[in-house]
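Right, one structure below, let's go through it.
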Amino acid sequence: MTDPRDNVQQEFLAEAQELVEALSRDLLLLDEAHHRGERIDPALVNEIFRSVHTLKGIAGMFGYKHVGAVAHALEDLLDDLRLGRTAVGQNLLDILFDSVERFQSLLTLEDPQSPQEEAGVQQYIAAIRSVGIEEEVEEGDPIDKYAIDQAVLAVLTEYEEHRLRACIREGLRLYRLRASFDLMTIDDSIEALREQVQEEVEIITYLPSMEGGNEDTIELVVLLAARVSEEELKAEFEGRYGLIEAIAEQTHLPTLPPRRTSIPVLSMRPPSEDDGGQASLRSVADSVRVDIRKLDHLMSVVGELALVRSAVNRIVDRFKHDVTHRQSTMDLDRIGRGLERQLLELRTGILDVRMVPLGQVFNKLARIVRQSAREDDKQVRLVVTGANTEVDKLIVEELTDPLMHLVRNAVDHGIESPEARLQANKREEGTLALNAYHKGSNVVIEVEDDGGGMNAHLLRDEAIERGLLTVEASQELSRQEMLDLVFLPGLSTRSEVTDMSGRGVGMDVVKTNILRLGGMISIASEQGTGTKITVTLPITLAIIRALIVTVAARTFAFPITAVREAIPYMPNEVHTIHGRNVITLRGETLAICDLGQLFDLRKPGDREGKFVVVGSMGNRKLGFVVDELIGQEDVIIKSLGKSLSSVRGFAGATDLGDQKVALMLDAPALFTEYFEGPDVFRGLESRP
Amino acid sequence: MNFEKAASLSYDELIMRQYRCLVVEDSQTMRNMLAESLLRIPGMEVVTAENGLSGIRALASQKFDLVLTDVNMPVMDGLKLVRHVRGDPRHADTPVVVITTENAPNDRDRAMALGANAYIEKPIQAPRVIRAVKKLLEL
């Protein structure tokens with residue numbers, strides 16, 4: 001059992017994290033609108049306000065003193081912003097952006113009340129408070145112009161009242177829409193209504209009318225401010241929702257409802273000890289947060305169940321030809337199949353829960369692009385596609401750091417300064433594209449810039465200079481192979497390392513991280529036009545579909561994501577090029593590697609393998625010679641014990657169900673070993 | 001309790017429910033905290049909703065002994081909910097407590113003017129919530 005207080009704390013941190021992410025996302029939208037000189041959507045500002053407001057509320061409950069204090073100051077500033085008492089400007093945006101970083105670091109503090117943070121927090125709060133407030137000059141209340149129901153005015157929040165004033169001041173006309181909604185579908189209907197109203201119309205508020213409504217429906221009064229004519233508005237909304245009427249302007253003076261002061265419920269006494277009694281908690285909220293470890297546990301239960309299923313299968317096989325048990329065997333077989341279907345569904349369901357959109361990471365990246373560009377005095381436009389692409393939560397977590405590094409690199413080293421770009425006949429503003437999409441059971445993420453590109457020959461010279469490559473070996477390298485040198489540890493194309501990309505991590509670390517996730521990274525670059533880095537990852541780490549093969553009577557599993565095809569092996573068709581064994585496959589040269597020899601299971605002269613499994617990683621292919629192909633199976637990978645963790649070439653082991661264990665081949669490592677092993681770079685022709 | 005006797009009891013009697021309370025709050029952390037606080041009151045059942053609209057939906061089919069609602073929420077805020085409760089003859093007498101913040105006195109005053117019975121200021125603490133609810137339920 002875990003400490004329930006711990007759980008509550010976790011829940012708080014998860015919600016706080018979500019709020020900060022939402023804040024960050026909305027700030028980017030705000031920043032974008034501001035820089036384009038577009039109208040700032042008041043709903044967006046209100047959303048930002050609400051995130052900070054909620055954060056303040058929950059931080060207070062959990063003793064996150066600094067988070068609460070910062071949120072409080074920001075809330076005041078944002079309140080002024082949403083109520084039109086101050087305007088969006090560069091200074092304000094910078095302060096708001098700072099808050100994201102600050103919240104994140106304050107939320108990870110060991111001691112949320114840490115006195116060491118006090119000074120920094122106070123300084124930041126002073127900065128927030130120093131953002132100027134432009135007092136609004138009020139000349140009479142514009143709301144007085146209209147004959148709005150007192151009953152409606154009484155229900156407006158301060159924010160809504162402000163929007164109402166602002167709209168009237170801007171010359172928008174007021175309308176009332178009366179519509180009946182089905183209680184079951186009202187959320188979607190309101191969402192649809194909100195989407196339909198864009199630039200020309202603003203929803204000030206909607207409230208339940210005092211009349212209509214029963215158990216299934218509810219009548220809402222929607223107060224709209226619009227720039228368009230009554231006819232247009234009627235054409236747009238009346239058929240779909242209900243009756244539209246213009247609110248008349250009036251001559252006599254109404255008054256806003258009195259702002260009565262009231263007495264709060266006081267309670268100084270500690271709560272009495274309540275125990276016993278039956279209680280139940282029902283919720284109409286429709287989503288839950290789940291600890292990923294719980295899902296991991298469920299997944300391993302599914303794995304155990306799959307083993308049960310295999311056991312049933314084996315019994316069926318054993319009795320298949322036994323006439324005396326025929327009926328029972330058939331029944332058992334049917335039950336087994338049913339079990340398998342349900343298991344598949346259960347597994348798909350659990351996997352589905354683990355999936356989160358990449359958008360979460362992209363938002364962080366967008367912030368980094370903005371920050372790096374400012375620090376480097378560069379202009380960068382970020383274009384994101386496929387933010388909805390879903391990936392296993394664990395992968396998303398592990399992916400953030402490598403992607404952050406790639407993005408920083410692209411801004412720092414890829415995209416040129418505005419002057420250099422103009423000289424090269426490019427637009428002043430560089431473009432950085434982040435694309436994500438699914439490709440089979442992989443997800444592909446591309447980081448593409450239209451900057452200066454990489455100089456392959458410079459990379460090669462650098463590698464030679466640092467002793468990572470011999471001059472002889474360098475002569476055999478293709479352009480692509482030269483570019484791939486960037487992933488070698490200890491290589492950098494620039495001697496001076498900027499603050500951002502530096503920090504001791506290079507492309508080799510990025511590559512290691514991606515490989516650890518079972519992924520692959522490849523690079524394409526044209527000098528003068530730009531660089532594209534492609535990261536290919538499995539969608540989930542929890543279950544892998546594998547091709548089971550045997551080599552010298554031992555069973556191995558290939559991750560199917562790395563397998564292109566399997567073909568019969570004809571030893572007499574093998575040639576040797578540069579010391580590597582190759583065959584020709586549909587006119588293309590394919591390097592092959594005999595797993596029997598690689599693992600030293602087969603001595604020269606032993607029976608040769610019968611099949612070639614063609615593996616592919618990024619844009620490379622390699623054939624692995626194996627003895628038999630057993631078939632495809634979904635396997636759950638268990639990591640190798642500590643004593644074996646340093647053995648290269650294996651990603652783990654898997655239980656195949658009949659008490660047989662297969663080693664899972666680590667395809668990326670095998671590729672690396674084969675193509676980039678020291679023998680290749682040192683020009684040794686030792687491969688048989 | 002024997003089975004025959006159990007079968008003759010209504011659901012409410014079976015779970016010994018005496019009060020049902022609606023908690024409307026958009027923050028999950030806060031919602032759970034409020035619900036858990038209320039559940040310390042013996043015989044309490046809590047129904048939660050994440051905004052005013054969900055609250056109205058819950059009110060359409062059930063009766064409550066008390067409504068505890070936040071003011072600032074997405075989709076539909078607490079002021080509308082207060083008005084809806086007061087406007088619906090089925091719930092007109094149901095006590096409503098609103099959760100407000102010190103820097104939104106106007107919204108708080110509006111809620112009270114619309115007929116809320118009490119307000120509690122953030123930051124919320126369980127003992128204060130329990131005290132307020134008990135007072136309104138005359139416990």
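Identifiers in the structure tokens: chain A, B, ... in order shown; residue index from 1 per chain; ligand index from 1 in order shown.
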Interface residues on chain B facing chain A, 8 Å, only C-alpha atoms, written as a PyMOL selection string: chain B and resi 15-17+27-30+35+39-50+53-54+57-58+60-61+72-73+76+79-80+83-84+87-88+103+106-107+109-114+118-120+122-125+127-128+130-132
Test item, alpha helix (DSSP H) assignment across range 496-573 of chain A, answer as a PyMOL selection string: chain A and resi 507-516
May I have the residues from that selection written out with N, CA, C and O atoms, as a PDB file, in the first residue's frame?
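Written out: selection.pdb:
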```pdb
ATOM      1  N   MET A 507      25.307  15.235 -30.347  1.00  0.00           N
ATOM      2  CA  MET A 507      24.408  14.402 -31.126  1.00  0.00           C
ATOM      3  C   MET A 507      24.567  12.934 -30.747  1.00  0.00           C
ATOM      4  O   MET A 507      23.639  12.147 -30.923  1.00  0.00           O
ATOM      5  N   ASP A 508      25.751  12.557 -30.239  1.00  0.00           N
ATOM      6  CA  ASP A 508      25.932  11.149 -29.860  1.00  0.00           C
ATOM      7  C   ASP A 508      25.000  10.771 -28.717  1.00  0.00           C
ATOM      8  O   ASP A 508      24.450   9.680 -28.678  1.00  0.00           O
ATOM      9  N   VAL A 509      24.804  11.748 -27.786  1.00  0.00           N
ATOM     10  CA  VAL A 509      23.899  11.468 -26.668  1.00  0.00           C
ATOM     11  C   VAL A 509      22.460  11.374 -27.171  1.00  0.00           C
ATOM     12  O   VAL A 509      21.693  10.498 -26.768  1.00  0.00           O
ATOM     13  N   VAL A 510      22.139  12.279 -28.092  1.00  0.00           N
ATOM     14  CA  VAL A 510      20.793  12.229 -28.675  1.00  0.00           C
ATOM     15  C   VAL A 510      20.562  10.855 -29.292  1.00  0.00           C
ATOM     16  O   VAL A 510      19.547  10.203 -29.069  1.00  0.00           O
ATOM     17  N   LYS A 511      21.560  10.415 -30.046  1.00  0.00           N
ATOM     18  CA  LYS A 511      21.412   9.134 -30.718  1.00  0.00           C
ATOM     19  C   LYS A 511      21.288   7.986 -29.719  1.00  0.00           C
ATOM     20  O   LYS A 511      20.428   7.118 -29.864  1.00  0.00           O
ATOM     21  N   THR A 512      22.115   8.008 -28.690  1.00  0.00           N
ATOM     22  CA  THR A 512      22.047   6.952 -27.675  1.00  0.00           C
ATOM     23  C   THR A 512      20.657   6.901 -27.045  1.00  0.00           C
ATOM     24  O   THR A 512      20.083   5.839 -26.871  1.00  0.00           O
ATOM     25  N   ASN A 513      20.118   8.089 -26.736  1.00  0.00           N
ATOM     26  CA  ASN A 513      18.789   8.133 -26.126  1.00  0.00           C
ATOM     27  C   ASN A 513      17.728   7.545 -27.046  1.00  0.00           C
ATOM     28  O   ASN A 513      16.829   6.836 -26.606  1.00  0.00           O
ATOM     29  N   ILE A 514      17.826   7.887 -28.305  1.00  0.00           N
ATOM     30  CA  ILE A 514      16.828   7.400 -29.261  1.00  0.00           C
ATOM     31  C   ILE A 514      16.968   5.879 -29.428  1.00  0.00           C
ATOM     32  O   ILE A 514      15.978   5.152 -29.464  1.00  0.00           O
ATOM     33  N   LEU A 515      18.203   5.406 -29.510  1.00  0.00           N
ATOM     34  CA  LEU A 515      18.424   3.964 -29.660  1.00  0.00           C
ATOM     35  C   LEU A 515      17.887   3.215 -28.458  1.00  0.00           C
ATOM     36  O   LEU A 515      17.323   2.135 -28.580  1.00  0.00           O
ATOM     37  N   ARG A 516      18.055   3.807 -27.280  1.00  0.00           N
ATOM     38  CA  ARG A 516      17.584   3.148 -26.078  1.00  0.00           C
ATOM     39  C   ARG A 516      16.075   2.944 -26.110  1.00  0.00           C
ATOM     40  O   ARG A 516      15.542   2.029 -25.508  1.00  0.00           O
TER      41      ARG A 516
END
```
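Closest approach to His413 in chain A among A:Leu585, A:Leu74, A:Ala166, A:Gly453: A:Gly453, based on only C-alpha atoms.
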Residue contacts of range 92-105 of chain A (8 Å, only C-alpha atoms) excluding same-chain residues fewer than 3 positions away, as a ChimeraX atom specification: /A:17,20-21,23-24,27,31,67,70,74,88-89,108-109,127-128,131
Excluding Gly242 in chain A and any residue of its chain fewer than 2 positions from it, enumerate the residues within 10 Å of it, using only C-alpha atoms, and give them as a PDB file with N, CA, C and O atoms, in the first residue's frame.
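Contents of selection36.pdb, as written:
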```
ATOM      1  N   LEU A 177     -29.999  35.138 -27.755  1.00  0.00           N
ATOM      2  CA  LEU A 177     -30.370  33.894 -28.429  1.00  0.00           C
ATOM      3  C   LEU A 177     -30.984  32.989 -27.374  1.00  0.00           C
ATOM      4  O   LEU A 177     -30.406  32.763 -26.323  1.00  0.00           O
ATOM      5  N   ARG A 178     -32.187  32.506 -27.676  1.00  0.00           N
ATOM      6  CA  ARG A 178     -32.872  31.627 -26.724  1.00  0.00           C
ATOM      7  C   ARG A 178     -32.932  30.252 -27.367  1.00  0.00           C
ATOM      8  O   ARG A 178     -33.462  30.105 -28.464  1.00  0.00           O
ATOM      9  N   ALA A 179     -32.359  29.278 -26.744  1.00  0.00           N
ATOM     10  CA  ALA A 179     -32.322  27.973 -27.395  1.00  0.00           C
ATOM     11  C   ALA A 179     -32.448  26.865 -26.373  1.00  0.00           C
ATOM     12  O   ALA A 179     -32.025  26.996 -25.228  1.00  0.00           O
ATOM     13  N   SER A 180     -33.042  25.780 -26.833  1.00  0.00           N
ATOM     14  CA  SER A 180     -33.241  24.636 -25.954  1.00  0.00           C
ATOM     15  C   SER A 180     -32.192  23.576 -26.297  1.00  0.00           C
ATOM     16  O   SER A 180     -31.932  23.322 -27.459  1.00  0.00           O
ATOM     17  N   PHE A 181     -31.577  23.011 -25.279  1.00  0.00           N
ATOM     18  CA  PHE A 181     -30.524  22.018 -25.523  1.00  0.00           C
ATOM     19  C   PHE A 181     -30.867  20.710 -24.840  1.00  0.00           C
ATOM     20  O   PHE A 181     -31.454  20.707 -23.760  1.00  0.00           O
ATOM     21  N   GLU A 219     -33.177  25.161 -21.258  1.00  0.00           N
ATOM     22  CA  GLU A 219     -33.196  26.323 -22.140  1.00  0.00           C
ATOM     23  C   GLU A 219     -32.134  27.304 -21.679  1.00  0.00           C
ATOM     24  O   GLU A 219     -32.045  27.622 -20.490  1.00  0.00           O
ATOM     25  N   LEU A 220     -31.308  27.739 -22.635  1.00  0.00           N
ATOM     26  CA  LEU A 220     -30.272  28.706 -22.294  1.00  0.00           C
ATOM     27  C   LEU A 220     -30.572  30.036 -22.959  1.00  0.00           C
ATOM     28  O   LEU A 220     -31.115  30.088 -24.061  1.00  0.00           O
ATOM     29  N   VAL A 221     -30.221  31.093 -22.277  1.00  0.00           N
ATOM     30  CA  VAL A 221     -30.236  32.415 -22.896  1.00  0.00           C
ATOM     31  C   VAL A 221     -28.782  32.760 -23.189  1.00  0.00           C
ATOM     32  O   VAL A 221     -27.949  32.737 -22.284  1.00  0.00           O
ATOM     33  N   LYS A 234     -29.381  35.969 -37.808  1.00  0.00           N
ATOM     34  CA  LYS A 234     -30.532  35.077 -37.818  1.00  0.00           C
ATOM     35  C   LYS A 234     -30.293  33.926 -38.783  1.00  0.00           C
ATOM     36  O   LYS A 234     -30.597  32.771 -38.471  1.00  0.00           O
ATOM     37  N   PHE A 237     -27.750  31.472 -37.079  1.00  0.00           N
ATOM     38  CA  PHE A 237     -28.029  30.742 -35.842  1.00  0.00           C
ATOM     39  C   PHE A 237     -29.467  30.272 -35.667  1.00  0.00           C
ATOM     40  O   PHE A 237     -29.696  29.275 -35.006  1.00  0.00           O
ATOM     41  N   GLU A 238     -30.425  31.031 -36.219  1.00  0.00           N
ATOM     42  CA  GLU A 238     -31.791  30.780 -35.817  1.00  0.00           C
ATOM     43  C   GLU A 238     -32.261  29.371 -36.141  1.00  0.00           C
ATOM     44  O   GLU A 238     -32.868  28.713 -35.311  1.00  0.00           O
ATOM     45  N   GLY A 239     -31.938  28.911 -37.356  1.00  0.00           N
ATOM     46  CA  GLY A 239     -32.392  27.575 -37.726  1.00  0.00           C
ATOM     47  C   GLY A 239     -31.777  26.512 -36.829  1.00  0.00           C
ATOM     48  O   GLY A 239     -32.453  25.595 -36.386  1.00  0.00           O
ATOM     49  N   ARG A 240     -30.512  26.692 -36.537  1.00  0.00           N
ATOM     50  CA  ARG A 240     -29.791  25.635 -35.814  1.00  0.00           C
ATOM     51  C   ARG A 240     -30.058  25.621 -34.327  1.00  0.00           C
ATOM     52  O   ARG A 240     -30.072  24.574 -33.710  1.00  0.00           O
ATOM     53  N   ILE A 244     -33.431  34.368 -32.217  1.00  0.00           N
ATOM     54  CA  ILE A 244     -32.515  35.484 -32.008  1.00  0.00           C
ATOM     55  C   ILE A 244     -33.322  36.772 -31.896  1.00  0.00           C
ATOM     56  O   ILE A 244     -34.204  37.012 -32.702  1.00  0.00           O
ATOM     57  N   GLU A 245     -33.039  37.574 -30.914  1.00  0.00           N
ATOM     58  CA  GLU A 245     -33.664  38.908 -30.926  1.00  0.00           C
ATOM     59  C   GLU A 245     -32.631  39.966 -30.540  1.00  0.00           C
ATOM     60  O   GLU A 245     -31.743  39.718 -29.710  1.00  0.00           O
TER      61      GLU A 245
END
```
